[in-house]
Structures are given as C-alpha cells and as structure tokens.
Amino acid sequence: MASHVIPVAPFDLVLFGATGDLAHRKILPGLCHRHAVGQMPADARIIGCARSQMTPEEFRDSVASALAQTDCVDNLDAFVACLDYVSLDVTGDRGWDELAARLRDDVVRAFYLSVGPGLFAPIAARLDQRGLATPDSRIVVEKPFGRDLASARALNRALRNCFGESQIYRIDHYLGKETVQNVMALRFANALFEPLWNCQHIDHVQITVAEKLGVEGREDYYDHAGAARDMFQNHLMQLLCLTAMEPPSRFEPNAVRDEKLKVIRALDPVPPEDIVRGQYRAGAHGRSYLEEVGNPDSTTESFVAMKLHVSNWRWGGTPFYLRTGKRLRERLSEIVIIFRDPPHAIFPRMDNRRGNALIIRLQPDEGVTLRMTIKEPGPGGMRLTEVPLDMTFAEALGADVEIPDAYERLVMDVIRGDQTLFMRGDEVEAAWEWIDPIIARWEEAGDRPVPYDPGSSGPEDALMLMHRDGRRWREIGS
Ligand code: BG6
C-alpha cells in the first residue's frame, strides 16, 4: 500500500541552529525524505542560520556529506539545491539584514528554533523587532519548554509578546510518531474499544518508555533535568493524555488539545509512596550514571515510575502506572491496557492467567497485540490458554510502506498550519504545575534515587509499586 502524499504550499523555512546536532540528525534528513516523496514543492527553501561563517555553498556541502551517511541519497542533489545559508548572530546585529533580504512575502514563512532554550525568547524578540514575524508566520520551538512552571510561563509570555498562540508550534516529538497518532485512530476510528475504554472494564493501564542508551553526550543538560523533566513531564504525559482523554468532537487542534488538558487537570497529586526514582549503577553493561555525568554527588534520576490517578468519571479507581528510564534492558515504548476479568468464571481456573490486554507498541516493531484467552486444543476437558492476536503495522500495511520519522510529519504540519500535534501553552503549563511539587519535594529533601543495574528493567522498588497492588509490569524485552 503506497502512502498518499499531499504536497504542501511553497515555503521559506528558517532553521536556526542549522549546523547543530538535531538539525543534522533529524530535521534536515526528515525534510530530505519529504522532498524525496514529492511533498516539498520545487520552490520550497530552507534557510539555515547559525553563527558559523560559511557560504551557502559550504553549508550545502556540509549537509550533503552528513546526509550521505543516511538513507537520503537518491534525491540528495535536488534537496540540497533548496538550501541557503545566512551566518547570523542571534543576539547581536550580524546577519539579520541578510536574512530579511532572503525572505519572500508570498510564501509560508516558518522559523524553526533548533537552539538552546535560552535563545528562544531573544530570537523571537529579534524576529519581531526586525518585522520578520508577519501575522501569518510560524515559530517552532523545541523542548525543553521551561524547567518548571515559572520558567514555562515566562517563556510563553515572551513568545506571545511576538507571536499569537496560533503561530506557536511547541514540539513534543512523541506526538509526531506514527504509532502515537495511532492511539487516537484506534480509539476514535473503531467502535470496538470505546465501550470498554473506562474503569468498568479496564483494570489498569501501563505506559513504558524504556531506553537502552544512557545520557550519551548530553551530560550537562541531563544532570540538570533528570527523567522527570526530560521525559515524564512531556512525552509520558502526552501518551497518558492520548490514552485517557475523552473523544474530541472533531479532529481539530483546539478540540484535541482541550481534551488533553482536561486529563492533566484531573490528575491527583501523587504521594511519595507511589513514586520510584532510580539511577543506574555500574554493571556488566556499562559505567554508572555518576561516572557518565562526571558528578559523583549527583542525585538526578535516570529512571522514574509513578502510579497515577485520573480523577474523573471515566477513570475512577483505574490506576495508570507510568515508567521511563535510561540504560534499561531494551528500547521499548508501549501502552498496555489490562482489562478486567469476566464477571463470572464458568471454566476451571487457569494457572498464570494474565487476562485480556491490548498492547500498543509505539517502538520498535510498531503494532498492536490483543491478548485473548482461547481453548487449548485437544480432547479431555476445557483447558484454556492465552494467545496474542498480533498485528505489526509494517506487515499489515505492506512492506513498501515506510513509517516516517516524527520530525518529517511535524515539520510538514507546521507548513500546513496544523497545530493538532503540537502542545498548546496552557497544556505545557498544566503539566509543569502538576509535576513541579513532586520535583520540589525531591529537591527539598535531597532525595537520593535508588540504584538499578544497567540492562535491567529498573529498580526493584518499581516492580514492588505494582506487586503490592497484586499486579505486574509487562516485561521489558521478554
Ligand atoms: C528526548 C529526550 O526528548 O527523547 C532524550 O530528551 C530521549 O533523553 C529521547 O533519549 C527519546 O526519544 P526517542 O524518539 O528515541 O524515543
């Protein structure tokens, strides 16, 4: 099944931080893929901006050699022909006139800030002062969006001084993942699940985002952030919102975001006994977190698990267990819906019965599994067994369907002017408002995370978080 490509309108995309890691690893390869499939119009232009002094030709060469290491080779020459470059000092005056001269008036204009968060506000202000932020232009900001409620509010204020909310695209790249969007498709395009999607039928929900890698060259940032700020406040919250939200009336940016916001606002405060913080120690699979970040006294967590309650009519009494961590056994992200047992058992009890479960695999091997109970074949009684009804999207859709990287989708949505998969300002603030007291409690108490072995599924205490409720996590990498 070939995917359907709808070309976007002509655009000028100004990429601040164009020589940086994210631009080279994600944004430019993503755009190159969209170019290859014919989604970018011939007169689309990407204007790289960075401090480095180089000519547009040199920039094109550097991008071409970076992309030559990836799978974007077929259309490389045509793609780099869309690139331009302006050497610019984002906090000074150098380069702004050149940038202004490059921009066209009759095409979509987007500014992508792939730079440190400290530069978001100064760049927005410059764009405004220089008259480059036209009423229809868009500004894209990466995470981290603040490190607490106060800083997120300040950043929202600074951006809104120069751009309207409908022009601001706050990226959470998890929302651009195909399977994350599939959570909405599964829930709201099938009549099958919705009648069961509530506390009457769902015993609990598990959300896991496990990474095999450690902090990998981002020691400074990560040691000041930790798993709660880096992953939980944004990616895990978004997964929780999509799983728990009410059906929006339309698939339209504010309708979707209103419903997500209601989920965050319905979250109960979390008592300390429902939270586990972990930090990996040294082990057969590598150095300890402390050695990796070069800070022997660090109390930053590389793992966090929590039991959450969404206090509303749909979810009363159905807990959500969320966990995320680095240096775990496998790279695995999934949402697991565990259904309640049938109200009355007519068959003999089955040992180790785990019950019906819907497993939404976000990565890798994107797909859905429904765990069912069936009769074990053979004569002699009615013995039951559990089997997976398994669908891998790549297989189901045909081998020639590529699952695009999140950034490909998100950048094209910016050009199309579709904010559905971007966080609204109040959503980000609500997530900080909820998690701030949790982080403040750790910081005030000098809380030390519990150690776990690299290559494991996290600290023992995280297993206990579920065991004590008579439940257990699905294995990471079983
Ligand atoms: C980023 C975090 O937002 O997401 C990283 O800052 C993390 O620490 C990454 O590794 C995970 O993203 P993905 O797409 O690899 O699951």
# chains A, B, ... in the order shown; residues from 1 in each chain; ligands from 1
>>> residues_around(residues="A:Gln69", least_positions_apart="5", cutoff="12 Å", atoms="only C-alpha atoms", output="mmCIF file with N, CA, C and O atoms, in the first residue's frame")
data_model
loop_
_atom_site.group_PDB
_atom_site.id
_atom_site.type_symbol
_atom_site.label_atom_id
_atom_site.label_comp_id
_atom_site.auth_asym_id
_atom_site.auth_seq_id
_atom_site.Cartn_x
_atom_site.Cartn_y
_atom_site.Cartn_z
ATOM 1 N N HIS A 24 21.048 18.203 11.935
ATOM 2 C CA HIS A 24 21.695 17.218 11.062
ATOM 3 C C HIS A 24 21.160 15.816 11.234
ATOM 4 O O HIS A 24 21.157 15.024 10.315
ATOM 5 N N ARG A 25 20.731 15.497 12.468
ATOM 6 C CA ARG A 25 20.277 14.127 12.724
ATOM 7 C C ARG A 25 18.817 13.927 12.365
ATOM 8 O O ARG A 25 18.412 12.864 11.940
ATOM 9 N N PRO A 29 17.397 15.534 7.590
ATOM 10 C CA PRO A 29 17.044 14.244 6.960
ATOM 11 C C PRO A 29 15.533 14.092 6.776
ATOM 12 O O PRO A 29 15.070 13.581 5.746
ATOM 13 N N SER A 62 28.186 20.695 3.460
ATOM 14 C CA SER A 62 28.246 20.026 4.774
ATOM 15 C C SER A 62 26.979 19.202 5.006
ATOM 16 O O SER A 62 27.035 18.092 5.526
ATOM 17 N N VAL A 63 25.829 19.731 4.562
ATOM 18 C CA VAL A 63 24.587 18.956 4.729
ATOM 19 C C VAL A 63 24.648 17.715 3.832
ATOM 20 O O VAL A 63 24.306 16.609 4.260
ATOM 21 N N ALA A 64 25.134 17.905 2.598
ATOM 22 C CA ALA A 64 25.191 16.757 1.683
ATOM 23 C C ALA A 64 26.070 15.665 2.263
ATOM 24 O O ALA A 64 25.714 14.484 2.228
ATOM 25 N N LEU A 76 19.548 13.576 -3.118
ATOM 26 C CA LEU A 76 20.387 14.490 -2.343
ATOM 27 C C LEU A 76 20.688 15.796 -3.076
ATOM 28 O O LEU A 76 20.540 16.882 -2.514
#
>>> select_by_dssp(residues="stretch 104-191 of chain A", states="alpha helix (DSSP H)", output="NGL selection string")
:A and (120-129 or 149-160 or 178-188)
>>> atom_distance(atom1="atom CA of A:Arg102", atom2="atom CA of A:Ile139")
17.3 Å
>>> select_by_dssp(residues="stretch 56-262 of chain A", states="strand (DSSP E)", output="JSON, numbers by chain")
{"A": [83, 84, 85, 86, 87, 108, 109, 110, 111, 112, 113, 138, 139, 140, 141, 168, 169, 170, 202, 203, 204, 205, 206, 207, 208, 209, 210]}
>>> closest_atom_pairs(of="stretch 440-471 of chain A", to="stretch 294-313 of chain A", cutoff="10 Å", atoms="only C-alpha atoms", output="CSV")
residue,atom,partner,partner_atom,distance
A:Trp442,CA,A:Thr299,CA,9.2
A:Glu443,CA,A:Thr299,CA,8.8
A:Gly446,CA,A:Thr299,CA,7.5
A:Asp447,CA,A:Thr299,CA,7.0
A:Arg448,CA,A:Thr299,CA,5.3
A:Pro449,CA,A:Glu301,CA,5.8
A:Val450,CA,A:Glu301,CA,8.6
A:Pro451,CA,A:Glu301,CA,9.4
A:Tyr452,CA,A:Phe303,CA,8.9
A:Ser457,CA,A:Phe303,CA,9.9
A:Gly458,CA,A:Phe303,CA,7.1
A:Pro459,CA,A:Phe303,CA,8.3
A:Asp461,CA,A:Ala305,CA,9.2
A:Ala462,CA,A:Ala305,CA,6.3
A:Leu463,CA,A:Ala305,CA,9.4
A:Leu465,CA,A:Lys307,CA,7.6
A:Met466,CA,A:Lys307,CA,8.5
>>> residues_around(residues="A:Ile6", least_positions_apart="3", cutoff="10 Å", atoms="only C-alpha atoms", output="mmCIF file with N, CA, C and O atoms, in the first residue's frame")
data_model
loop_
_atom_site.group_PDB
_atom_site.id
_atom_site.type_symbol
_atom_site.label_atom_id
_atom_site.label_comp_id
_atom_site.auth_asym_id
_atom_site.auth_seq_id
_atom_site.Cartn_x
_atom_site.Cartn_y
_atom_site.Cartn_z
ATOM 1 N N SER A 3 1.874 5.127 0.415
ATOM 2 C CA SER A 3 1.246 6.181 1.210
ATOM 3 C C SER A 3 0.906 7.363 0.316
ATOM 4 O O SER A 3 1.518 7.592 -0.725
ATOM 5 N N ALA A 9 2.209 23.847 0.570
ATOM 6 C CA ALA A 9 2.383 25.095 -0.181
ATOM 7 C C ALA A 9 3.867 25.505 -0.180
ATOM 8 O O ALA A 9 4.623 25.085 0.687
ATOM 9 N N VAL A 37 9.726 12.148 -1.479
ATOM 10 C CA VAL A 37 8.409 11.594 -1.819
ATOM 11 C C VAL A 37 7.530 12.621 -2.533
ATOM 12 O O VAL A 37 6.375 12.359 -2.838
ATOM 13 N N GLY A 38 8.081 13.799 -2.776
ATOM 14 C CA GLY A 38 7.349 14.776 -3.580
ATOM 15 C C GLY A 38 6.426 15.669 -2.771
ATOM 16 O O GLY A 38 5.525 16.305 -3.323
ATOM 17 N N GLN A 39 6.661 15.758 -1.451
ATOM 18 C CA GLN A 39 5.762 16.607 -0.661
ATOM 19 C C GLN A 39 6.206 18.072 -0.650
ATOM 20 O O GLN A 39 5.397 18.972 -0.436
ATOM 21 N N MET A 40 7.509 18.285 -0.886
ATOM 22 C CA MET A 40 8.002 19.669 -0.880
ATOM 23 C C MET A 40 7.910 20.245 -2.279
ATOM 24 O O MET A 40 8.426 19.658 -3.227
#
>>> atom_distance(atom1="atom CA of A:Gly20", atom2="atom CA of A:Ala210")
25.8 Å
>>> atom_distance(atom1="atom CA of A:Leu67", atom2="atom CA of A:Ala36")
12.8 Å
>>> closest_residue(among="A:Ala228, A:Ala431, A:Ala244, A:Val414", to="ligand 1", atoms="only C-alpha atoms and all ligand atoms")
A:Ala228
>>> residues_around(residues="A:Gly176", least_positions_apart="4", cutoff="7 Å", atoms="only C-alpha atoms", output="ChimeraX atom specification")
/A:406-407,409-410,421
>>> residues_near_ligand(ligand="ligand 1", cutoff="7 Å", atoms="only C-alpha atoms and all ligand atoms", output="list in words")
His173, Tyr174, Glu211, Val215, Asp230 and Met231 of chain A
